[in-house]
$ cat final-v9.txt   # compact mmCIF, C-alpha atoms
# COMPACT_ATOMS: atom_id res chain seq x y z
CA MET C 1 0.00 0.00 0.00
CA THR C 2 1.11 3.53 -0.78
CA ILE C 3 -0.55 6.84 -0.01
CA GLY C 4 -1.91 8.69 -3.06
CA THR C 5 -2.08 12.46 -3.55
CA ASN C 6 -5.64 12.41 -2.24
CA GLY C 7 -4.51 10.72 0.98
CA ASN C 8 -6.09 7.36 0.22
CA LYS C 9 -4.28 4.07 0.06
CA ILE C 10 -3.34 2.71 -3.34
CA SER C 11 -4.00 -0.99 -3.52
CA ASP C 12 -2.06 -3.49 -5.50
CA ALA C 13 -5.13 -3.98 -7.70
CA THR C 14 -5.06 -0.26 -8.55
CA VAL C 15 -1.39 -0.47 -9.53
CA ARG C 16 -2.20 -3.40 -11.83
CA ARG C 17 -4.99 -1.40 -13.45
CA LEU C 18 -2.67 1.57 -13.95
CA SER C 19 -0.40 -0.73 -15.96
CA LYS C 20 -3.39 -1.61 -18.12
CA TYR C 21 -4.52 1.99 -18.57
CA TYR C 22 -1.00 2.83 -19.63
CA ARG C 23 -1.20 0.22 -22.39
CA SER C 24 -4.67 1.35 -23.44
CA LEU C 25 -3.47 4.95 -23.68
CA LYS C 26 -0.52 3.92 -25.81
CA TYR C 27 -2.86 1.94 -28.06
CA ALA C 28 -5.25 4.91 -28.32
CA TYR C 29 -2.48 7.41 -29.01
CA ASP C 30 -0.98 5.21 -31.73
CA ARG C 31 -4.40 5.21 -33.39
CA GLY C 32 -4.66 8.99 -33.38
CA MET C 33 -6.84 9.58 -30.31
CA ARG C 34 -5.82 12.71 -28.41
CA THR C 35 -8.53 12.70 -25.73
CA ILE C 36 -10.21 9.72 -24.08
CA SER C 37 -13.18 9.38 -21.73
CA SER C 38 -13.26 7.30 -18.56
CA GLN C 39 -15.96 5.24 -20.29
CA GLU C 40 -13.66 4.49 -23.23
CA LEU C 41 -10.82 3.51 -20.90
CA ALA C 42 -13.27 1.36 -18.96
CA ASP C 43 -14.56 -0.39 -22.09
CA MET C 44 -11.01 -1.19 -23.19
CA ASN C 45 -10.36 -2.95 -19.90
CA GLY C 46 -13.67 -4.54 -18.95
CA LEU C 47 -14.22 -2.11 -16.06
CA THR C 48 -16.74 0.55 -15.07
CA ALA C 49 -16.14 4.23 -15.78
CA ALA C 50 -16.54 4.89 -12.03
CA GLN C 51 -13.65 2.51 -11.30
CA VAL C 52 -11.43 4.25 -13.84
CA ARG C 53 -12.23 7.69 -12.42
CA LYS C 54 -11.59 6.47 -8.89
CA ASP C 55 -8.23 4.91 -9.81
CA LEU C 56 -7.06 8.02 -11.61
CA SER C 57 -8.25 10.37 -8.87
CA PHE C 58 -5.64 8.81 -6.55
CA PHE C 59 -3.07 10.69 -8.57
CA GLY C 60 -4.96 13.92 -8.92
CA ALA C 61 -5.87 13.24 -12.55
CA PHE C 62 -9.40 14.42 -13.19
CA GLY C 63 -11.03 14.28 -16.61
CA ARG C 64 -13.03 17.20 -17.92
CA ARG C 65 -16.75 16.79 -18.49
CA GLY C 66 -17.46 16.32 -22.18
CA LEU C 67 -13.76 16.08 -23.03
CA GLY C 68 -12.26 13.39 -20.86
CA TYR C 69 -8.51 13.04 -20.36
CA TYR C 70 -5.70 14.18 -22.61
CA VAL C 71 -4.19 10.88 -23.77
CA ALA C 72 -0.54 11.98 -23.87
CA ASP C 73 -0.72 13.78 -20.50
CA LEU C 74 -2.38 10.89 -18.76
CA GLN C 75 0.04 8.39 -20.26
CA ARG C 76 2.99 10.49 -19.09
CA ASN C 77 1.53 10.84 -15.60
CA ILE C 78 0.93 7.12 -15.24
CA ALA C 79 4.45 6.35 -16.49
CA ARG C 80 5.84 8.65 -13.80
CA ILE C 81 3.69 7.07 -11.09
CA LEU C 82 4.69 3.55 -12.11
CA GLY C 83 8.35 4.57 -12.29
CA ILE C 84 8.58 3.56 -15.95
CA ASN C 85 9.40 7.06 -17.22
CA LYS C 86 13.05 6.01 -16.82
CA THR C 87 14.99 2.82 -17.48
CA TRP C 88 15.89 0.22 -14.86
CA ASN C 89 18.97 -1.96 -15.08
CA VAL C 90 17.90 -5.50 -14.36
CA ALA C 91 19.88 -8.64 -13.50
CA LEU C 92 18.61 -12.06 -14.50
CA VAL C 93 19.74 -15.01 -12.40
CA GLY C 94 19.45 -18.45 -13.98
CA ALA C 95 20.12 -19.00 -17.68
CA GLY C 96 17.86 -22.05 -18.03
CA ASN C 97 14.89 -22.30 -20.40
CA ILE C 98 12.74 -19.66 -18.75
CA GLY C 99 15.68 -17.37 -18.07
CA ARG C 100 16.94 -17.47 -21.64
CA ALA C 101 13.44 -16.73 -22.96
CA LEU C 102 13.20 -13.71 -20.65
CA ILE C 103 16.49 -12.19 -21.82
CA ASP C 104 14.79 -11.56 -25.14
CA TYR C 105 11.33 -10.66 -23.82
CA ASP C 106 10.24 -7.55 -25.74
CA GLN C 107 7.77 -6.35 -23.14
CA PHE C 108 10.52 -5.83 -20.56
CA ARG C 109 12.58 -3.70 -22.90
CA GLN C 110 9.60 -1.67 -24.10
CA GLN C 111 8.68 -0.72 -20.54
CA GLY C 112 12.25 0.33 -19.74
CA PHE C 113 13.45 -2.80 -17.94
CA LEU C 114 16.84 -3.52 -19.49
CA ILE C 115 18.49 -6.83 -18.71
CA LYS C 116 22.12 -5.76 -18.32
CA LEU C 117 23.48 -8.73 -16.41
CA VAL C 118 22.88 -12.48 -16.58
CA LEU C 119 24.24 -14.65 -13.76
CA ASP C 120 24.46 -18.41 -13.38
CA ASN C 121 26.63 -20.81 -11.37
CA ASP C 122 26.73 -23.57 -13.99
CA PRO C 123 30.24 -23.78 -15.52
CA ASN C 124 28.58 -24.95 -18.76
CA LYS C 125 26.64 -21.71 -19.00
CA VAL C 126 29.08 -19.12 -17.62
CA GLY C 127 30.75 -17.41 -20.58
CA ASN C 128 27.98 -18.31 -23.04
CA ILE C 129 26.32 -15.47 -24.88
CA TYR C 130 22.53 -15.41 -25.10
CA HIS C 131 20.82 -12.67 -27.10
CA GLY C 132 24.05 -10.67 -26.97
CA ILE C 133 24.62 -10.89 -23.20
CA GLU C 134 27.46 -12.92 -21.70
CA VAL C 135 26.57 -15.08 -18.70
CA LYS C 136 28.67 -14.13 -15.66
CA ASP C 137 29.55 -16.35 -12.71
CA PHE C 138 27.21 -15.91 -9.76
CA ALA C 139 30.29 -16.11 -7.53
CA ASN C 140 31.09 -12.58 -8.75
CA ALA C 141 27.53 -11.33 -8.26
CA ASP C 142 28.42 -8.52 -5.85
CA GLU C 143 30.99 -6.95 -8.15
CA GLU C 144 28.81 -7.34 -11.26
CA ILE C 145 25.75 -5.88 -9.52
CA ARG C 146 27.70 -2.79 -8.47
CA LYS C 147 29.33 -2.39 -11.86
CA ASN C 148 25.97 -2.59 -13.67
CA LYS C 149 24.06 -0.45 -11.12
CA ILE C 150 21.42 -3.13 -10.61
CA ARG C 151 18.50 -2.59 -8.23
CA VAL C 152 16.02 -5.03 -9.75
CA ALA C 153 16.57 -8.75 -10.34
CA ILE C 154 14.64 -11.55 -11.99
CA ILE C 155 15.07 -14.92 -10.30
CA ALA C 156 14.76 -17.91 -12.65
CA VAL C 157 16.65 -20.55 -10.67
CA PRO C 158 15.40 -23.88 -9.25
CA SER C 159 13.37 -23.50 -6.04
CA GLN C 160 16.05 -24.78 -3.71
CA PHE C 161 18.46 -22.03 -4.74
CA ALA C 162 16.04 -19.10 -4.83
CA GLN C 163 16.29 -17.98 -1.19
CA GLY C 164 20.09 -18.15 -1.17
CA VAL C 165 20.32 -16.14 -4.39
CA VAL C 166 17.94 -13.49 -3.04
CA ASP C 167 19.81 -13.26 0.29
CA LYS C 168 23.11 -12.70 -1.45
CA MET C 169 21.66 -10.09 -3.81
CA VAL C 170 19.96 -8.21 -0.97
CA GLU C 171 23.41 -7.86 0.59
CA SER C 172 24.52 -6.33 -2.70
CA LYS C 173 21.69 -3.77 -2.41
CA VAL C 174 19.26 -5.22 -4.92
CA ARG C 175 15.89 -3.91 -3.75
CA ALA C 176 13.26 -5.62 -5.92
CA PHE C 177 12.84 -9.18 -7.16
CA LEU C 178 10.61 -10.76 -9.74
CA ASN C 179 10.64 -14.40 -8.68
CA PHE C 180 9.85 -17.22 -11.09
CA ALA C 181 10.84 -19.99 -8.66
CA PRO C 182 7.73 -21.69 -7.24
CA ILE C 183 8.58 -20.80 -3.63
CA THR C 184 7.91 -17.81 -1.37
CA VAL C 185 11.20 -16.04 -0.70
CA GLN C 186 11.71 -13.96 2.43
CA VAL C 187 13.15 -10.44 2.23
CA PRO C 188 13.88 -7.78 4.83
CA ASP C 189 11.87 -4.54 5.20
CA GLY C 190 12.27 -2.16 2.31
CA VAL C 191 12.87 -4.92 -0.23
CA PHE C 192 10.06 -5.97 -2.58
CA VAL C 193 9.21 -9.31 -4.15
CA ARG C 194 6.65 -10.29 -6.77
CA ASN C 195 6.06 -13.92 -7.56
CA GLU C 196 5.35 -14.85 -11.14
CA ASN C 197 3.58 -18.16 -11.50
CA MET C 198 2.19 -18.70 -14.95
CA ALA C 199 0.22 -21.76 -13.85
CA ILE C 200 -2.02 -19.53 -11.73
CA GLU C 201 -3.43 -17.93 -14.88
CA LEU C 202 -4.19 -21.38 -16.29
CA GLU C 203 -5.93 -22.25 -13.02
CA ALA C 204 -8.20 -19.23 -13.44
CA LEU C 205 -9.09 -20.63 -16.87
CA SER C 206 -9.75 -24.14 -15.59
CA PHE C 207 -11.86 -22.57 -12.82
CA ALA C 208 -13.88 -20.71 -15.46
CA LEU C 209 -14.35 -23.81 -17.63
CA THR C 210 -15.27 -25.92 -14.60
CA ASN C 211 -17.73 -23.51 -13.02
CA ARG C 212 -19.44 -21.91 -15.99
CA ARG C 213 -23.18 -21.81 -15.58
CA GLU C 214 -24.15 -18.62 -17.35
CA PRO C 215 -23.93 -18.21 -21.14
CA ARG C 216 -21.82 -15.06 -20.87
CA ARG C 217 -18.77 -14.68 -18.69
CA THR C 218 -15.84 -12.34 -18.61
CA ILE C 219 -12.81 -12.99 -16.49
CA GLY C 220 -11.41 -9.84 -15.01
CA GLN C 221 -7.73 -9.50 -14.39
CA MET H 1 -17.70 -13.84 -11.70
CA THR H 2 -19.26 -17.11 -10.62
CA ILE H 3 -21.85 -17.87 -7.98
CA GLY H 4 -20.52 -19.69 -4.90
CA THR H 5 -22.38 -22.24 -2.79
CA ASN H 6 -23.38 -19.45 -0.43
CA GLY H 7 -24.95 -17.50 -3.29
CA ASN H 8 -22.30 -14.76 -3.37
CA LYS H 9 -20.21 -13.84 -6.35
CA ILE H 10 -16.70 -15.19 -6.55
CA SER H 11 -14.31 -12.53 -7.75
CA ASP H 12 -11.25 -13.08 -9.82
CA ALA H 13 -9.16 -12.00 -6.82
CA THR H 14 -10.72 -14.81 -4.78
CA VAL H 15 -9.85 -17.34 -7.48
CA ARG H 16 -6.25 -16.10 -7.42
CA ARG H 17 -6.11 -16.50 -3.65
CA LEU H 18 -7.53 -20.02 -3.90
CA SER H 19 -4.56 -20.90 -6.14
CA LYS H 20 -2.28 -19.61 -3.40
CA TYR H 21 -4.06 -21.43 -0.60
CA TYR H 22 -3.76 -24.60 -2.64
CA ARG H 23 0.03 -24.15 -2.78
CA SER H 24 0.23 -23.32 0.92
CA LEU H 25 -1.75 -26.44 1.80
CA LYS H 26 0.53 -28.60 -0.34
CA TYR H 27 3.55 -27.03 1.39
CA ALA H 28 1.99 -27.61 4.82
CA TYR H 29 1.02 -31.20 4.06
CA ASP H 30 4.50 -32.02 2.74
CA ARG H 31 5.86 -30.79 6.08
CA GLY H 32 3.59 -33.06 8.11
CA MET H 33 0.81 -30.62 9.06
CA ARG H 34 -2.60 -32.29 9.10
CA THR H 35 -4.70 -29.35 10.31
CA ILE H 36 -4.22 -25.65 9.65
CA SER H 37 -5.86 -22.50 11.02
CA SER H 38 -7.14 -19.58 8.96
CA GLN H 39 -4.48 -17.49 10.74
CA GLU H 40 -1.71 -19.83 9.56
CA LEU H 41 -3.01 -19.78 5.99
CA ALA H 42 -3.26 -15.99 6.23
CA ASP H 43 0.32 -15.64 7.53
CA MET H 44 1.64 -17.80 4.69
CA ASN H 45 0.05 -15.46 2.15
CA GLY H 46 0.29 -11.99 3.70
CA LEU H 47 -3.47 -11.81 4.31
CA THR H 48 -5.84 -11.52 7.25
CA ALA H 49 -7.50 -14.56 8.82
CA ALA H 50 -10.88 -12.91 8.13
CA GLN H 51 -10.07 -12.75 4.41
CA VAL H 52 -9.12 -16.44 4.35
CA ARG H 53 -12.31 -17.46 6.17
CA LYS H 54 -14.40 -15.34 3.82
CA ASP H 55 -12.77 -16.81 0.70
CA LEU H 56 -13.21 -20.37 1.89
CA SER H 57 -16.79 -19.83 3.04
CA PHE H 58 -17.74 -19.27 -0.62
CA PHE H 59 -17.30 -22.99 -1.06
CA GLY H 60 -18.92 -24.08 2.14
CA ALA H 61 -15.59 -24.88 3.80
CA PHE H 62 -15.75 -23.83 7.43
CA GLY H 63 -12.92 -24.44 9.85
CA ARG H 64 -13.61 -25.74 13.33
CA ARG H 65 -12.88 -23.52 16.29
CA GLY H 66 -9.63 -24.55 17.95
CA LEU H 67 -8.83 -27.04 15.20
CA GLY H 68 -8.98 -25.18 11.89
CA TYR H 69 -9.21 -26.96 8.57
CA TYR H 70 -8.11 -30.48 7.67
CA VAL H 71 -5.22 -29.84 5.28
CA ALA H 72 -5.86 -32.76 2.90
CA ASP H 73 -9.63 -32.15 2.74
CA LEU H 74 -9.27 -28.47 2.06
CA GLN H 75 -6.61 -29.07 -0.57
CA ARG H 76 -8.83 -31.59 -2.32
CA ASN H 77 -11.81 -29.23 -2.20
CA ILE H 78 -9.87 -26.34 -3.65
CA ALA H 79 -8.47 -28.57 -6.41
CA ARG H 80 -12.01 -29.56 -7.34
CA ILE H 81 -13.20 -25.94 -7.33
CA LEU H 82 -10.29 -24.81 -9.49
CA GLY H 83 -10.80 -27.72 -11.86
CA ILE H 84 -7.27 -29.00 -11.25
CA ASN H 85 -8.36 -32.33 -9.78
CA LYS H 86 -8.08 -33.65 -13.33
CA THR H 87 -5.67 -33.11 -16.21
CA TRP H 88 -6.21 -30.72 -19.10
CA ASN H 89 -4.77 -31.29 -22.55
CA VAL H 90 -3.21 -28.03 -23.66
CA ALA H 91 -2.03 -26.80 -27.07
CA LEU H 92 0.83 -24.36 -27.35
CA VAL H 93 0.93 -22.13 -30.43
CA GLY H 94 4.25 -20.54 -31.29
CA ALA H 95 7.54 -22.39 -30.78
CA GLY H 96 9.66 -19.26 -30.31
CA ASN H 97 11.73 -18.48 -27.21
CA ILE H 98 8.84 -18.07 -24.79
CA GLY H 99 6.91 -20.95 -26.31
CA ARG H 100 9.83 -23.39 -26.07
CA ALA H 101 10.45 -22.41 -22.45
CA LEU H 102 6.80 -23.06 -21.63
CA ILE H 103 6.81 -26.57 -23.13
CA ASP H 104 9.08 -27.56 -20.28
CA TYR H 105 7.52 -25.42 -17.52
CA ASP H 106 7.20 -27.69 -14.49
CA GLN H 107 4.44 -25.71 -12.85
CA PHE H 108 2.03 -26.42 -15.71
CA ARG H 109 2.60 -30.15 -15.51
CA GLN H 110 2.38 -30.25 -11.73
CA GLN H 111 -1.03 -28.58 -11.78
CA GLY H 112 -2.33 -30.98 -14.41
CA PHE H 113 -1.90 -28.83 -17.53
CA LEU H 114 -0.28 -31.15 -20.04
CA ILE H 115 1.06 -29.65 -23.23
CA LYS H 116 0.07 -32.33 -25.76
CA LEU H 117 0.31 -30.32 -28.96
CA VAL H 118 2.72 -27.66 -30.24
CA LEU H 119 1.75 -25.72 -33.36
CA ASP H 120 3.70 -23.26 -35.49
CA ASN H 121 3.52 -22.06 -39.10
CA ASP H 122 7.28 -21.63 -39.58
CA PRO H 123 8.59 -24.36 -41.95
CA ASN H 124 11.90 -24.17 -40.05
CA LYS H 125 10.15 -25.21 -36.85
CA VAL H 126 7.47 -27.64 -38.03
CA GLY H 127 8.81 -31.16 -37.50
CA ASN H 128 11.34 -30.13 -34.87
CA ILE H 129 11.13 -31.86 -31.50
CA TYR H 130 11.31 -29.72 -28.35
CA HIS H 131 11.28 -31.40 -24.96
CA GLY H 132 9.94 -34.53 -26.61
CA ILE H 133 7.07 -32.91 -28.51
CA GLU H 134 7.04 -32.60 -32.29
CA VAL H 135 5.95 -29.24 -33.69
CA LYS H 136 2.92 -29.63 -35.99
CA ASP H 137 1.89 -27.31 -38.81
CA PHE H 138 -0.72 -24.77 -37.76
CA ALA H 139 -2.41 -25.39 -41.12
CA ASN H 140 -3.56 -28.71 -39.62
CA ALA H 141 -4.66 -27.13 -36.33
CA ASP H 142 -8.29 -28.27 -36.53
CA GLU H 143 -7.42 -31.94 -37.04
CA GLU H 144 -4.68 -31.91 -34.37
CA ILE H 145 -6.92 -30.15 -31.83
CA ARG H 146 -9.63 -32.77 -32.27
CA LYS H 147 -7.17 -35.65 -32.17
CA ASN H 148 -5.57 -34.40 -28.95
CA LYS H 149 -8.87 -33.37 -27.29
CA ILE H 150 -7.65 -29.83 -26.64
CA ARG H 151 -9.87 -27.27 -24.89
CA VAL H 152 -7.15 -24.96 -23.55
CA ALA H 153 -4.46 -23.23 -25.59
CA ILE H 154 -1.44 -21.10 -24.82
CA ILE H 155 -0.78 -18.37 -27.39
CA ALA H 156 2.89 -17.44 -27.75
CA VAL H 157 2.89 -15.92 -31.23
CA PRO H 158 3.76 -12.36 -32.34
CA SER H 159 0.98 -9.81 -31.67
CA GLN H 160 -0.15 -9.46 -35.25
CA PHE H 161 -0.98 -13.18 -35.50
CA ALA H 162 -2.66 -13.64 -32.10
CA GLN H 163 -6.25 -12.74 -33.06
CA GLY H 164 -6.18 -14.89 -36.20
CA VAL H 165 -4.82 -17.87 -34.26
CA VAL H 166 -7.46 -17.48 -31.55
CA ASP H 167 -10.30 -17.13 -34.11
CA LYS H 168 -9.25 -20.29 -35.86
CA MET H 169 -8.92 -22.24 -32.60
CA VAL H 170 -12.30 -21.04 -31.33
CA GLU H 171 -13.80 -22.59 -34.48
CA SER H 172 -12.08 -25.83 -33.47
CA LYS H 173 -13.83 -25.63 -30.07
CA VAL H 174 -10.93 -24.46 -27.93
CA ARG H 175 -12.61 -22.71 -25.03
CA ALA H 176 -9.84 -21.08 -22.97
CA PHE H 177 -6.71 -19.17 -23.94
CA LEU H 178 -3.67 -18.06 -22.00
CA ASN H 179 -2.36 -15.26 -24.17
CA PHE H 180 1.29 -14.16 -24.03
CA ALA H 181 0.99 -11.80 -27.01
CA PRO H 182 0.88 -8.17 -25.85
CA ILE H 183 -2.53 -7.50 -27.38
CA THR H 184 -6.12 -7.90 -26.22
CA VAL H 185 -7.76 -10.68 -28.22
CA GLN H 186 -11.51 -10.79 -28.73
CA VAL H 187 -13.45 -13.99 -28.10
CA PRO H 188 -17.15 -14.88 -28.31
CA ASP H 189 -19.36 -15.56 -25.28
CA GLY H 190 -18.49 -18.72 -23.41
CA VAL H 191 -14.80 -18.53 -24.34
CA PHE H 192 -12.26 -17.32 -21.77
CA VAL H 193 -9.00 -15.45 -22.15
CA ARG H 194 -6.29 -14.55 -19.65
CA ASN H 195 -3.48 -12.25 -20.66
CA GLU H 196 -0.07 -13.00 -19.25
CA ASN H 197 2.20 -9.97 -19.30
CA MET H 198 5.29 -10.47 -17.21
CA ALA H 199 6.26 -6.80 -17.50
CA ILE H 200 3.24 -5.85 -15.38
CA GLU H 201 4.83 -7.55 -12.36
CA LEU H 202 8.02 -5.57 -12.93
CA GLU H 203 5.94 -2.40 -13.11
CA ALA H 204 4.50 -3.15 -9.68
CA LEU H 205 8.10 -3.38 -8.44
CA SER H 206 9.18 -0.13 -10.07
CA PHE H 207 6.06 1.48 -8.59
CA ALA H 208 7.08 0.22 -5.15
CA LEU H 209 10.67 1.43 -5.51
CA THR H 210 9.54 4.78 -6.88
CA ASN H 211 6.86 5.51 -4.28
CA ARG H 212 8.30 4.12 -1.08
CA ARG H 213 8.02 6.56 1.76
CA GLU H 214 7.56 4.30 4.74
CA PRO H 215 10.34 2.06 6.04
CA ARG H 216 8.17 -1.06 5.83
CA ARG H 217 6.14 -2.06 2.85
CA THR H 218 4.64 -5.31 1.64
CA ILE H 219 3.25 -5.74 -1.84
CA GLY H 220 0.14 -7.87 -1.92
CA GLN H 221 -0.56 -10.05 -4.90
$ encode --input "final-v9.txt" --output "structure tokens"
Amino acid sequence: MTIGTNGNKISDATVRRLSKYYRSLKYAYDRGMRTISSQELADMNGLTAAQVRKDLSFFGAFGRRGLGYYVADLQRNIARILGINKTWNVALVGAGNIGRALIDYDQFRQQGFLIKLVLDNDPNKVGNIYHGIEVKDFANADEEIRKNKIRVAIIAVPSQFAQGVVDKMVESKVRAFLNFAPITVQVPDGVFVRNENMAIELEALSFALTNRREPRRTIGQ
Amino acid sequence: MTIGTNGNKISDATVRRLSKYYRSLKYAYDRGMRTISSQELADMNGLTAAQVRKDLSFFGAFGRRGLGYYVADLQRNIARILGINKTWNVALVGAGNIGRALIDYDQFRQQGFLIKLVLDNDPNKVGNIYHGIEVKDFANADEEIRKNKIRVAIIAVPSQFAQGVVDKMVESKVRAFLNFAPITVQVPDGVFVRNENMAIELEALSFALTNRREPRRTIGQ
């Protein structure tokens, strides 16, 4: 939770929706729209206009009656709020299948998350070059993290190594982790972790297929 | 939204938490716990005990005062509700970097999502074998989908092909899509889509790093 400009708490769900609005605004701008209504933003994301207005009011962004929001302004404001108006140097730990796919993941780059460092402890991988980045030895993590000014890391190592990797990187002042290992890692105060588990999205689908009773159903996100 | 046994609507956020409880229960059971309290389940997931009790009450699962829930029973119930008490045959479309990583993603298999069919339209990929599965030509999608009894598909193709792929698979009676392409695909009533965008999790982290003002902060999921 964070405190917004209007003094209210900003929930994680709101932050997720901001990421979606940002994408909708980019889509709208690319198609020549210069203003957008809360209803249009709502329709693009399967939400109500009231929800959109409430989310945006956290940041002091208020549309004008009959005009809506200026697309470019709102996009810029949301980028600033999300911290994606700048680039972040990111380390990736674990050059296995998932890790190697992520090195080349367009969406990271487009949002300003630049993978500058790839670490592994497997002698068969250290020194290899994947998508133009040489794999460095995790034994030298501290030095490499400082050299590359890394504050954000993606963890794509087997479960049993995840906590140890995170502990070591916290010591090297990494402050945020996107964790692909199927385990909950512990971090001290002031350090942030998000767990990415792609099976959870499939479970939402199997839930929907298993429990459908009505003809029409939309799954929110 | 779906209607629970108590007549209330089950939100997407509840479904997500059920997936987490399921993992916590598995973890607890593997460590010898046979009963678990709502407080313990809450602590494992950064939630309140009231939230856990509310989520579980949707499905008529009520813990007993001083005893809590039977771990194995609750796990079995949640698996049934999520539709993961059986296996699902899954098709993967797009044998690029992300697609090939997903073929071998343990978490899918463990939750009963079995990738039985890999489709691509690239002549350089059709016929190749990745993690034991031969890539089939998307031109034969309809036949392969029927043969492999596929109802769920993972879309890992470039954005501009995603809608066409989904349209064709909907005709072949695929009813649920996990979409990795960074575009919103349209589906008819009764068909479900989840969009997986791994950058959104990184944005939640950059938001946290950008907006931290208090010494202690936890990001919910």
$ closest_atom_pairs --input "final-v9.txt" --of "chain C" --to "chain H" --cutoff "8 Å" --atoms "only C-alpha atoms" --output "CSV"
residue,atom,partner,partner_atom,distance
C:Met1,CA,H:Ile219,CA,6.8
C:Thr2,CA,H:Asn211,CA,7.0
C:Asp12,CA,H:Gly220,CA,6.1
C:Val15,CA,H:Ala204,CA,6.5
C:Arg16,CA,H:Ile200,CA,6.9
C:Ser19,CA,H:Ile200,CA,6.3
C:Ile81,CA,H:Phe207,CA,6.6
C:Leu82,CA,H:Phe207,CA,4.3
C:Gly83,CA,H:Ser206,CA,5.3
C:Ile84,CA,H:Ser206,CA,7.0
C:Asn97,CA,H:Ala101,CA,4.9
C:Ile98,CA,H:Ala101,CA,5.1
C:Arg100,CA,H:Asn97,CA,7.7
C:Ala101,CA,H:Asn97,CA,4.9
C:Leu102,CA,H:Ile98,CA,7.4
C:Asp104,CA,H:Asn97,CA,7.8
C:Tyr105,CA,H:Ile98,CA,7.9
C:Gln107,CA,H:Ala199,CA,5.9
C:Phe108,CA,H:Ala199,CA,5.3
C:Gln111,CA,H:Ala199,CA,7.2
C:Phe113,CA,H:Leu202,CA,7.9
C:Arg175,CA,H:Leu209,CA,7.7
C:Ala176,CA,H:Leu205,CA,6.2
C:Phe177,CA,H:Leu205,CA,7.6
C:Leu178,CA,H:Leu202,CA,6.6
C:Pro182,CA,H:Gln107,CA,7.6
C:Asp189,CA,H:Arg216,CA,5.1
C:Gly190,CA,H:Arg216,CA,5.5
C:Val191,CA,H:Arg217,CA,7.9
C:Phe192,CA,H:Leu205,CA,6.7
C:Val193,CA,H:Ile219,CA,7.3
C:Arg194,CA,H:Glu201,CA,6.5
C:Glu196,CA,H:Glu201,CA,7.4
C:Asn197,CA,H:Gln107,CA,7.7
C:Met198,CA,H:Glu196,CA,7.5
C:Ala199,CA,H:Phe108,CA,5.3
C:Ile200,CA,H:Ser19,CA,6.3
C:Glu201,CA,H:Arg194,CA,6.5
C:Leu202,CA,H:Leu178,CA,6.6
C:Glu203,CA,H:Leu82,CA,6.2
C:Ala204,CA,H:Val15,CA,6.5
C:Leu205,CA,H:Ala176,CA,6.2
C:Ser206,CA,H:Gly83,CA,5.3
C:Phe207,CA,H:Leu82,CA,4.3
C:Ala208,CA,H:Phe192,CA,7.3
C:Leu209,CA,H:Ala176,CA,7.5
C:Thr210,CA,H:Gly83,CA,5.5
C:Asn211,CA,H:Thr2,CA,7.0
C:Arg212,CA,H:Thr2,CA,7.2
C:Arg213,CA,H:Thr2,CA,7.9
C:Pro215,CA,H:Gly190,CA,5.9
C:Arg216,CA,H:Asp189,CA,5.1
C:Arg217,CA,H:Gly190,CA,6.2
C:Thr218,CA,H:Phe192,CA,6.9
C:Ile219,CA,H:Phe192,CA,6.9
C:Gly220,CA,H:Asp12,CA,6.1
C:Gln221,CA,H:Asp12,CA,6.8
$ atom_distance --input "final-v9.txt" --atom1 "atom CA of C:Ala156" --atom2 "atom CA of C:Asn121"
12.3 Å
$ axis_aligned_box --input "final-v9.txt" --around "stretch 72-76 of chain H" --padding-each-side "8 Å" --output "JSON"
{"center_x": -7.7, "center_y": -30.6, "center_z": 0.3, "size_x": 19.8, "size_y": 20.3, "size_z": 21.2}
$ atom_distance --input "final-v9.txt" --atom1 "atom CA of H:Phe161" --atom2 "atom CA of H:Asp137"
14.8 Å
$ closest_residue --input "final-v9.txt" --among "H:Ala50, H:Ile155, H:Ala162, H:Ala61" --to "H:Leu92" --atoms "only C-alpha atoms"
H:Ile155
$ atom_distance --input "final-v9.txt" --atom1 "atom CA of H:Leu117" --atom2 "atom CA of C:Phe180"
24.1 Å
$ residues_around --input "final-v9.txt" --residues "H:Leu67" --least-positions-apart "2" --cutoff "7 Å" --atoms "all atoms listed in the file" --output "ChimeraX atom specification"
/H:35,37,64-65,69
$ residues_around --input "final-v9.txt" --residues "C:Phe62" --least-positions-apart "2" --cutoff "12 Å" --atoms "all atoms listed in the file" --output "list in words"
Asn6, Ile36, Ser37, Ser38, Ala50, Val52, Arg53, Lys54, Asp55, Leu56, Ser57, Phe58, Phe59, Gly60, Arg64, Arg65, Leu67, Gly68, Tyr69, Tyr70, Asp73, Leu74 and Asn77 of chain C
$ closest_residue --input "final-v9.txt" --among "C:Asn148, C:Leu25, C:Gly164, C:Asn140" --to "C:Gln75" --atoms "all atoms listed in the file"
C:Leu25
